[in-house]
Amino acid sequence: MEWYTVLPFVALMCLVPTSDGRTPPMCEHQESYYHHGETVTYKCVTAMCFRGRKWKIVKAGCPFRDTCLENGQTVSSGECQSVQCRVNKRMTRSKLLYKLDCPWKGECMKNRETWMVSCIKYQCRVKQDTAKVMVAKKGCEWLGDNKCYKLGTKKTASCMQYQCKEDSNGALGFVLVSPGCEKIGSRGCAKPKEQWWDIKTCRHFTCVVSMDDSGNVVGTKTQDEQGCAGINNPKTCHEVGDTWLEFSRKDRTCLQYTCTTTGSTVQVPKGACFHEGECLKNGEEHEDEAQCFCRDGDLLCLGIPVTGAEGTTNKPTIIID
């Protein structure tokens, strides 16, 4: 945008002798002389000689490239660019007013105009003689609700946590940052390698992470294995391979159970003890009794009298002083 003077004429009182000795005034311009009422056009300005004393501008425009623009005229000066001629009322000064827009896919966006493409907000910014399309805001689209979320936002779906991020190539999207598994037969989410039971079915689950060939986590899955329910307490579950003791009311003795893939197998253990509703293995200490342990079917206690073992032997409890 440039101002410049549009009056290139110099008004002089030119005394030019005539045949009768009179000297009528004339206007001079570039060593040429003009009578009253004559006009001259120079650099988009038309001036008229007024009484031979001064130049009076009668029309003014703006020089632009190889042409003259009239006052108020607007023309294109390039892609999404225009220029307008402005002349002041006294026609002593003029200016070229440039208007810049931002080219965007065949359209011209105005200064400070904003628009969305996916979850990226663009804005046209014009500064002096430069117009640029700037990124005003970035975000990620969440397919769950087709909305845009700002960078850093975390969303969870099916126990998988994702975060809105931008990669090194400028691509935006929700990236898996914390994998997890839905707890079957329970509530909440399980972390990778976490294990849990479905007490109702005695199935044992493990949360396992799935990876691609590059080692990137792409998802999770649950691995399950059928366990065995306790005999007296069905809400107690045992993994395949576990061995435990339980008292059989039918047999009035402690039985040893082993969980297999086809169910529980049972056998009579050697030297087990039954005391106050609990079965003890041969050599196992009693947790609640001080210094008491099972030996070959007898409950032995050091210095403390206890009741006789039930179901495993008819012998009284042995007290060791």
# chains A, B, ... in the order shown; residues from 1 in each chain; ligands from 1
$ select_by_dssp --residues "range 246-275 of chain A" --states "strand (DSSP E)" --output "number ranges by chain"
A: 246-248, 253-260, 263-267, 273-275
$ write_last_selection --atoms "all heavy atoms" --output "CSV table (one decimal), in the first residue's frame"
chain,number,residue,atom,x,y,z
A,246,GLU,N,-9.9,-81.4,52.0
A,246,GLU,CA,-11.2,-81.1,52.6
A,246,GLU,C,-11.7,-82.2,53.4
A,246,GLU,O,-11.5,-83.4,53.0
A,246,GLU,CB,-12.1,-80.7,51.4
A,246,GLU,CG,-11.9,-79.3,50.8
A,246,GLU,CD,-13.1,-78.8,50.1
A,246,GLU,OE1,-14.2,-78.9,50.6
A,246,GLU,OE2,-12.9,-78.3,48.9
A,247,PHE,N,-12.5,-81.9,54.4
A,247,PHE,CA,-13.1,-83.0,55.2
A,247,PHE,C,-14.4,-83.5,54.5
A,247,PHE,O,-15.2,-82.7,54.1
A,247,PHE,CB,-13.5,-82.4,56.6
A,247,PHE,CG,-14.1,-83.4,57.5
A,247,PHE,CD1,-13.3,-84.4,58.1
A,247,PHE,CD2,-15.4,-83.4,57.8
A,247,PHE,CE1,-13.9,-85.4,58.9
A,247,PHE,CE2,-16.0,-84.3,58.7
A,247,PHE,CZ,-15.2,-85.3,59.2
A,248,SER,N,-14.5,-84.8,54.4
A,248,SER,CA,-15.6,-85.5,53.8
A,248,SER,C,-16.6,-85.9,55.0
A,248,SER,O,-16.2,-86.7,55.8
A,248,SER,CB,-15.2,-86.7,53.0
A,248,SER,OG,-16.4,-87.4,52.6
A,253,THR,N,-13.7,-88.3,57.1
A,253,THR,CA,-12.2,-88.2,57.1
A,253,THR,C,-11.8,-87.1,56.1
A,253,THR,O,-12.6,-86.5,55.4
A,253,THR,CB,-11.6,-89.6,56.6
A,253,THR,OG1,-10.2,-89.5,56.7
A,253,THR,CG2,-12.0,-89.8,55.1
A,254,CYS,N,-10.5,-86.8,56.2
A,254,CYS,CA,-10.0,-85.7,55.3
A,254,CYS,C,-9.6,-86.4,54.0
A,254,CYS,O,-8.8,-87.4,54.0
A,254,CYS,CB,-8.7,-85.1,55.9
A,254,CYS,SG,-9.1,-83.9,57.3
A,255,LEU,N,-10.0,-85.8,52.9
A,255,LEU,CA,-9.7,-86.3,51.6
A,255,LEU,C,-8.8,-85.3,50.8
A,255,LEU,O,-9.0,-84.1,51.0
A,255,LEU,CB,-10.9,-86.7,50.8
A,255,LEU,CG,-11.9,-87.7,51.4
A,255,LEU,CD1,-13.1,-87.9,50.5
A,255,LEU,CD2,-11.1,-89.1,51.6
A,256,GLN,N,-8.0,-85.8,50.0
A,256,GLN,CA,-7.1,-84.9,49.1
A,256,GLN,C,-7.7,-84.9,47.7
A,256,GLN,O,-7.9,-85.9,47.1
A,256,GLN,CB,-5.7,-85.5,49.1
A,256,GLN,CG,-4.8,-84.6,48.2
A,256,GLN,CD,-3.3,-85.1,48.3
A,256,GLN,OE1,-2.7,-84.9,49.3
A,256,GLN,NE2,-2.9,-85.7,47.2
A,257,TYR,N,-7.9,-83.7,47.3
A,257,TYR,CA,-8.5,-83.4,45.9
A,257,TYR,C,-7.4,-82.8,45.0
A,257,TYR,O,-6.6,-82.0,45.5
A,257,TYR,CB,-9.7,-82.5,46.0
A,257,TYR,CG,-10.9,-83.1,46.8
A,257,TYR,CD1,-10.9,-82.9,48.2
A,257,TYR,CD2,-11.8,-83.9,46.2
A,257,TYR,CE1,-12.0,-83.4,48.9
A,257,TYR,CE2,-12.9,-84.4,46.9
A,257,TYR,CZ,-13.0,-84.2,48.3
A,257,TYR,OH,-14.0,-84.7,49.0
A,258,THR,N,-7.5,-83.2,43.8
A,258,THR,CA,-6.6,-82.6,42.8
A,258,THR,C,-7.4,-82.1,41.6
A,258,THR,O,-8.2,-82.9,41.1
A,258,THR,CB,-5.5,-83.6,42.3
A,258,THR,OG1,-4.7,-84.1,43.4
A,258,THR,CG2,-4.6,-83.0,41.2
A,259,CYS,N,-7.2,-80.9,41.2
A,259,CYS,CA,-7.9,-80.3,40.0
A,259,CYS,C,-7.3,-80.7,38.7
A,259,CYS,O,-6.1,-80.5,38.5
A,259,CYS,CB,-8.0,-78.8,40.2
A,259,CYS,SG,-9.0,-78.0,38.9
A,260,THR,N,-8.0,-81.3,37.8
A,260,THR,CA,-7.6,-81.7,36.5
A,260,THR,C,-8.4,-81.0,35.5
A,260,THR,O,-9.4,-80.4,35.8
A,260,THR,CB,-7.6,-83.2,36.3
A,260,THR,OG1,-9.0,-83.6,36.3
A,260,THR,CG2,-6.9,-83.9,37.4
A,263,GLY,N,-11.9,-82.3,35.7
A,263,GLY,CA,-12.6,-82.2,37.0
A,263,GLY,C,-11.7,-82.5,38.2
A,263,GLY,O,-10.5,-82.5,38.0
A,264,SER,N,-12.3,-82.8,39.3
A,264,SER,CA,-11.5,-83.1,40.5
A,264,SER,C,-11.3,-84.6,40.7
A,264,SER,O,-12.3,-85.4,40.6
A,264,SER,CB,-12.2,-82.5,41.8
A,264,SER,OG,-12.3,-81.1,41.6
A,265,THR,N,-10.1,-85.0,41.1
A,265,THR,CA,-9.9,-86.4,41.5
A,265,THR,C,-9.7,-86.4,43.0
A,265,THR,O,-9.2,-85.4,43.6
A,265,THR,CB,-8.7,-87.0,40.8
A,265,THR,OG1,-7.5,-86.2,41.1
A,265,THR,CG2,-8.9,-87.0,39.3
A,266,VAL,N,-9.9,-87.6,43.6
A,266,VAL,CA,-9.9,-87.6,45.1
A,266,VAL,C,-9.1,-88.8,45.5
A,266,VAL,O,-9.1,-89.9,44.8
A,266,VAL,CB,-11.3,-87.6,45.7
A,266,VAL,CG1,-12.1,-88.8,45.2
A,266,VAL,CG2,-11.2,-87.5,47.2
A,267,GLN,N,-8.4,-88.7,46.6
A,267,GLN,CA,-7.7,-89.9,47.2
A,267,GLN,C,-7.6,-89.6,48.7
A,267,GLN,O,-7.7,-88.5,49.2
A,267,GLN,CB,-6.3,-90.1,46.6
A,267,GLN,CG,-5.4,-88.9,46.8
A,267,GLN,CD,-4.0,-89.1,46.1
A,267,GLN,OE1,-3.9,-89.9,45.2
A,267,GLN,NE2,-3.0,-88.5,46.6
A,273,CYS,N,-4.7,-84.8,59.4
A,273,CYS,CA,-5.4,-84.6,60.6
A,273,CYS,C,-6.6,-83.7,60.4
A,273,CYS,O,-6.5,-82.8,59.5
A,273,CYS,CB,-4.5,-83.9,61.7
A,273,CYS,SG,-3.0,-84.8,62.0
A,274,PHE,N,-7.6,-83.9,61.2
A,274,PHE,CA,-8.8,-83.0,61.1
A,274,PHE,C,-9.0,-82.4,62.5
A,274,PHE,O,-9.1,-83.1,63.5
A,274,PHE,CB,-10.0,-83.7,60.7
A,274,PHE,CG,-11.2,-82.9,60.6
A,274,PHE,CD1,-11.4,-82.0,59.6
A,274,PHE,CD2,-12.2,-82.9,61.6
A,274,PHE,CE1,-12.5,-81.2,59.5
A,274,PHE,CE2,-13.3,-82.1,61.6
A,274,PHE,CZ,-13.5,-81.2,60.5
A,275,HIS,N,-9.0,-81.0,62.5
A,275,HIS,CA,-9.1,-80.4,63.8
A,275,HIS,C,-9.9,-79.1,63.7
A,275,HIS,O,-9.5,-78.2,62.9
A,275,HIS,CB,-7.7,-80.1,64.4
A,275,HIS,CG,-7.8,-79.3,65.7
A,275,HIS,ND1,-8.3,-79.9,66.9
A,275,HIS,CD2,-7.4,-78.1,66.1
A,275,HIS,CE1,-8.2,-79.1,67.9
A,275,HIS,NE2,-7.7,-77.9,67.4
$ residues_around --residues "range 182-189 of chain A" --least-positions-apart "5" --cutoff "8 Å" --atoms "only C-alpha atoms" --output "list in words"
Ser158, Cys159, Trp196, Trp197, Asp198, Ile199, Lys200 and Phe205 of chain A
$ residues_around --residues "range 218-225 of chain A" --least-positions-apart "3" --cutoff "7 Å" --atoms "only C-alpha atoms" --output "VMD selection string"
chain A and resid 179 to 181 203 to 212
$ write_last_selection --atoms "N, CA and C atoms" --output "PDB file, in the first residue's frame"
ATOM      1  N   PRO A 179      -3.496 -50.659  27.287  1.00  0.00           N
ATOM      2  CA  PRO A 179      -4.394 -51.764  26.968  1.00  0.00           C
ATOM      3  C   PRO A 179      -4.972 -52.412  28.223  1.00  0.00           C
ATOM      4  N   GLY A 180      -6.088 -53.059  28.070  1.00  0.00           N
ATOM      5  CA  GLY A 180      -6.719 -53.764  29.181  1.00  0.00           C
ATOM      6  C   GLY A 180      -7.756 -54.738  28.675  1.00  0.00           C
ATOM      7  N   CYS A 181      -8.290 -55.551  29.588  1.00  0.00           N
ATOM      8  CA  CYS A 181      -9.299 -56.555  29.237  1.00  0.00           C
ATOM      9  C   CYS A 181     -10.532 -56.358  30.109  1.00  0.00           C
ATOM     10  N   ARG A 203     -14.019 -70.473  36.250  1.00  0.00           N
ATOM     11  CA  ARG A 203     -13.115 -70.312  35.107  1.00  0.00           C
ATOM     12  C   ARG A 203     -12.055 -69.280  35.480  1.00  0.00           C
ATOM     13  N   HIS A 204     -10.833 -69.577  35.131  1.00  0.00           N
ATOM     14  CA  HIS A 204      -9.690 -68.727  35.462  1.00  0.00           C
ATOM     15  C   HIS A 204      -9.254 -67.976  34.217  1.00  0.00           C
ATOM     16  N   PHE A 205      -9.195 -66.643  34.310  1.00  0.00           N
ATOM     17  CA  PHE A 205      -8.896 -65.797  33.147  1.00  0.00           C
ATOM     18  C   PHE A 205      -7.562 -65.083  33.328  1.00  0.00           C
ATOM     19  N   THR A 206      -6.904 -64.803  32.186  1.00  0.00           N
ATOM     20  CA  THR A 206      -5.672 -64.018  32.153  1.00  0.00           C
ATOM     21  C   THR A 206      -5.781 -63.002  31.022  1.00  0.00           C
ATOM     22  N   CYS A 207      -5.435 -61.745  31.311  1.00  0.00           N
ATOM     23  CA  CYS A 207      -5.450 -60.694  30.290  1.00  0.00           C
ATOM     24  C   CYS A 207      -4.132 -60.763  29.510  1.00  0.00           C
ATOM     25  N   VAL A 208      -4.230 -61.007  28.211  1.00  0.00           N
ATOM     26  CA  VAL A 208      -3.046 -61.188  27.361  1.00  0.00           C
ATOM     27  C   VAL A 208      -3.012 -60.087  26.301  1.00  0.00           C
ATOM     28  N   VAL A 209      -1.833 -59.485  26.102  1.00  0.00           N
ATOM     29  CA  VAL A 209      -1.661 -58.415  25.112  1.00  0.00           C
ATOM     30  C   VAL A 209      -1.340 -59.008  23.752  1.00  0.00           C
ATOM     31  N   SER A 210      -1.961 -58.435  22.701  1.00  0.00           N
ATOM     32  CA  SER A 210      -1.673 -58.837  21.320  1.00  0.00           C
ATOM     33  C   SER A 210      -0.769 -57.800  20.666  1.00  0.00           C
ATOM     34  N   MET A 211       0.260 -58.256  19.959  1.00  0.00           N
ATOM     35  CA  MET A 211       1.207 -57.348  19.305  1.00  0.00           C
ATOM     36  C   MET A 211       1.346 -57.700  17.831  1.00  0.00           C
ATOM     37  N   ASP A 212       1.758 -56.674  17.042  1.00  0.00           N
ATOM     38  CA  ASP A 212       2.025 -56.921  15.629  1.00  0.00           C
ATOM     39  C   ASP A 212       3.489 -57.321  15.449  1.00  0.00           C
TER      40      ASP A 212
END
$ closest_atom_pairs --of "range 122-161 of chain A" --to "range 171-178 of chain A" --cutoff "9 Å" --atoms "only C-alpha atoms" --output "JSON lines"
{"residue": "A:Lys138", "atom": "CA", "partner": "A:Leu172", "partner_atom": "CA", "distance": 8.1}
{"residue": "A:Gly139", "atom": "CA", "partner": "A:Leu172", "partner_atom": "CA", "distance": 7.0}
{"residue": "A:Cys140", "atom": "CA", "partner": "A:Gly173", "partner_atom": "CA", "distance": 5.0}
{"residue": "A:Glu141", "atom": "CA", "partner": "A:Gly173", "partner_atom": "CA", "distance": 6.8}
{"residue": "A:Trp142", "atom": "CA", "partner": "A:Phe174", "partner_atom": "CA", "distance": 7.3}
{"residue": "A:Leu151", "atom": "CA", "partner": "A:Leu172", "partner_atom": "CA", "distance": 8.6}
{"residue": "A:Thr153", "atom": "CA", "partner": "A:Phe174", "partner_atom": "CA", "distance": 8.6}
{"residue": "A:Lys154", "atom": "CA", "partner": "A:Phe174", "partner_atom": "CA", "distance": 8.1}
{"residue": "A:Lys155", "atom": "CA", "partner": "A:Phe174", "partner_atom": "CA", "distance": 8.3}
{"residue": "A:Cys159", "atom": "CA", "partner": "A:Ser178", "partner_atom": "CA", "distance": 8.6}
{"residue": "A:Met160", "atom": "CA", "partner": "A:Ser178", "partner_atom": "CA", "distance": 6.2}
{"residue": "A:Gln161", "atom": "CA", "partner": "A:Ser178", "partner_atom": "CA", "distance": 5.0}
$ decode --residues "range 150-189 of chain A" --atoms "N, CA and C atoms" --output "short mmCIF file (atom, residue, chain, number, x, y, z; two decimals), in the first residue's frame"
data_model
loop_
_atom_site.label_atom_id
_atom_site.label_comp_id
_atom_site.auth_asym_id
_atom_site.auth_seq_id
_atom_site.Cartn_x
_atom_site.Cartn_y
_atom_site.Cartn_z
N LYS A 150 -9.36 -32.21 21.84
CA LYS A 150 -8.05 -31.57 21.75
C LYS A 150 -6.93 -32.57 22.02
N LEU A 151 -5.72 -32.18 21.63
CA LEU A 151 -4.55 -33.03 21.84
C LEU A 151 -4.38 -33.34 23.33
N GLY A 152 -4.06 -34.59 23.62
CA GLY A 152 -3.85 -35.01 24.99
C GLY A 152 -5.06 -35.65 25.64
N THR A 153 -6.23 -35.50 25.00
CA THR A 153 -7.45 -36.08 25.57
C THR A 153 -7.39 -37.60 25.56
N LYS A 154 -7.84 -38.22 26.65
CA LYS A 154 -7.87 -39.67 26.75
C LYS A 154 -9.31 -40.17 26.72
N LYS A 155 -9.51 -41.27 25.99
CA LYS A 155 -10.84 -41.89 25.89
C LYS A 155 -10.66 -43.40 26.09
N THR A 156 -11.68 -44.01 26.69
CA THR A 156 -11.63 -45.44 26.97
C THR A 156 -12.80 -46.15 26.30
N ALA A 157 -12.49 -47.28 25.68
CA ALA A 157 -13.51 -48.12 25.05
C ALA A 157 -13.13 -49.56 25.29
N SER A 158 -14.04 -50.33 25.88
CA SER A 158 -13.82 -51.76 26.15
C SER A 158 -12.51 -51.99 26.89
N CYS A 159 -12.28 -51.15 27.92
CA CYS A 159 -11.09 -51.24 28.79
C CYS A 159 -9.79 -50.90 28.07
N MET A 160 -9.87 -50.39 26.84
CA MET A 160 -8.68 -49.95 26.11
C MET A 160 -8.64 -48.42 26.15
N GLN A 161 -7.54 -47.86 26.67
CA GLN A 161 -7.44 -46.41 26.79
C GLN A 161 -6.62 -45.83 25.63
N TYR A 162 -7.18 -44.80 25.00
CA TYR A 162 -6.56 -44.16 23.86
C TYR A 162 -6.31 -42.68 24.19
N GLN A 163 -5.32 -42.10 23.51
CA GLN A 163 -5.00 -40.69 23.71
C GLN A 163 -4.83 -40.00 22.36
N CYS A 164 -5.35 -38.77 22.29
CA CYS A 164 -5.23 -37.97 21.06
C CYS A 164 -3.79 -37.48 20.94
N LYS A 165 -3.10 -37.91 19.85
CA LYS A 165 -1.71 -37.53 19.64
C LYS A 165 -1.45 -37.17 18.19
N GLU A 166 -0.30 -36.51 17.98
CA GLU A 166 0.17 -36.16 16.63
C GLU A 166 1.51 -36.84 16.41
N ASP A 167 1.64 -37.58 15.31
CA ASP A 167 2.90 -38.28 15.07
C ASP A 167 3.90 -37.38 14.37
N SER A 168 5.07 -37.92 14.07
CA SER A 168 6.15 -37.12 13.47
C SER A 168 5.81 -36.62 12.07
N ASN A 169 4.83 -37.25 11.43
CA ASN A 169 4.42 -36.82 10.09
C ASN A 169 3.25 -35.85 10.12
N GLY A 170 2.81 -35.48 11.31
CA GLY A 170 1.70 -34.54 11.44
C GLY A 170 0.32 -35.18 11.43
N ALA A 171 0.27 -36.51 11.37
CA ALA A 171 -1.02 -37.20 11.38
C ALA A 171 -1.60 -37.20 12.80
N LEU A 172 -2.90 -36.96 12.88
CA LEU A 172 -3.58 -36.88 14.16
C LEU A 172 -4.51 -38.06 14.34
N GLY A 173 -4.62 -38.53 15.57
CA GLY A 173 -5.54 -39.63 15.84
C GLY A 173 -5.40 -40.14 17.25
N PHE A 174 -6.37 -40.94 17.67
CA PHE A 174 -6.31 -41.56 18.99
C PHE A 174 -5.43 -42.80 18.91
N VAL A 175 -4.43 -42.84 19.79
CA VAL A 175 -3.45 -43.92 19.82
C VAL A 175 -3.63 -44.71 21.11
N LEU A 176 -3.52 -46.04 21.01
CA LEU A 176 -3.64 -46.89 22.19
C LEU A 176 -2.46 -46.64 23.12
N VAL A 177 -2.74 -46.26 24.37
CA VAL A 177 -1.68 -45.98 25.33
C VAL A 177 -1.74 -46.91 26.55
N SER A 178 -2.89 -47.48 26.82
CA SER A 178 -3.02 -48.35 28.00
C SER A 178 -4.01 -49.47 27.68
N PRO A 179 -3.50 -50.66 27.29
CA PRO A 179 -4.39 -51.76 26.97
C PRO A 179 -4.97 -52.41 28.22
N GLY A 180 -6.09 -53.06 28.07
CA GLY A 180 -6.72 -53.76 29.18
C GLY A 180 -7.76 -54.74 28.68
N CYS A 181 -8.29 -55.55 29.59
CA CYS A 181 -9.30 -56.56 29.24
C CYS A 181 -10.53 -56.36 30.11
N GLU A 182 -11.68 -56.59 29.54
CA GLU A 182 -12.89 -56.59 30.32
C GLU A 182 -12.94 -57.86 31.17
N LYS A 183 -13.23 -57.69 32.44
CA LYS A 183 -13.27 -58.84 33.35
C LYS A 183 -14.56 -59.63 33.14
N ILE A 184 -14.42 -60.80 32.55
CA ILE A 184 -15.57 -61.67 32.34
C ILE A 184 -15.99 -62.25 33.69
N GLY A 185 -17.29 -62.19 33.95
CA GLY A 185 -17.79 -62.70 35.21
C GLY A 185 -17.52 -61.80 36.39
N SER A 186 -17.03 -60.59 36.13
CA SER A 186 -16.73 -59.65 37.20
C SER A 186 -16.92 -58.23 36.66
N ARG A 187 -16.57 -57.26 37.45
CA ARG A 187 -16.69 -55.87 37.03
C ARG A 187 -15.30 -55.25 36.89
N GLY A 188 -15.27 -54.18 36.12
CA GLY A 188 -14.04 -53.43 35.97
C GLY A 188 -13.15 -53.96 34.85
N CYS A 189 -11.92 -53.44 34.84
CA CYS A 189 -10.96 -53.78 33.80
C CYS A 189 -9.72 -54.43 34.41
#
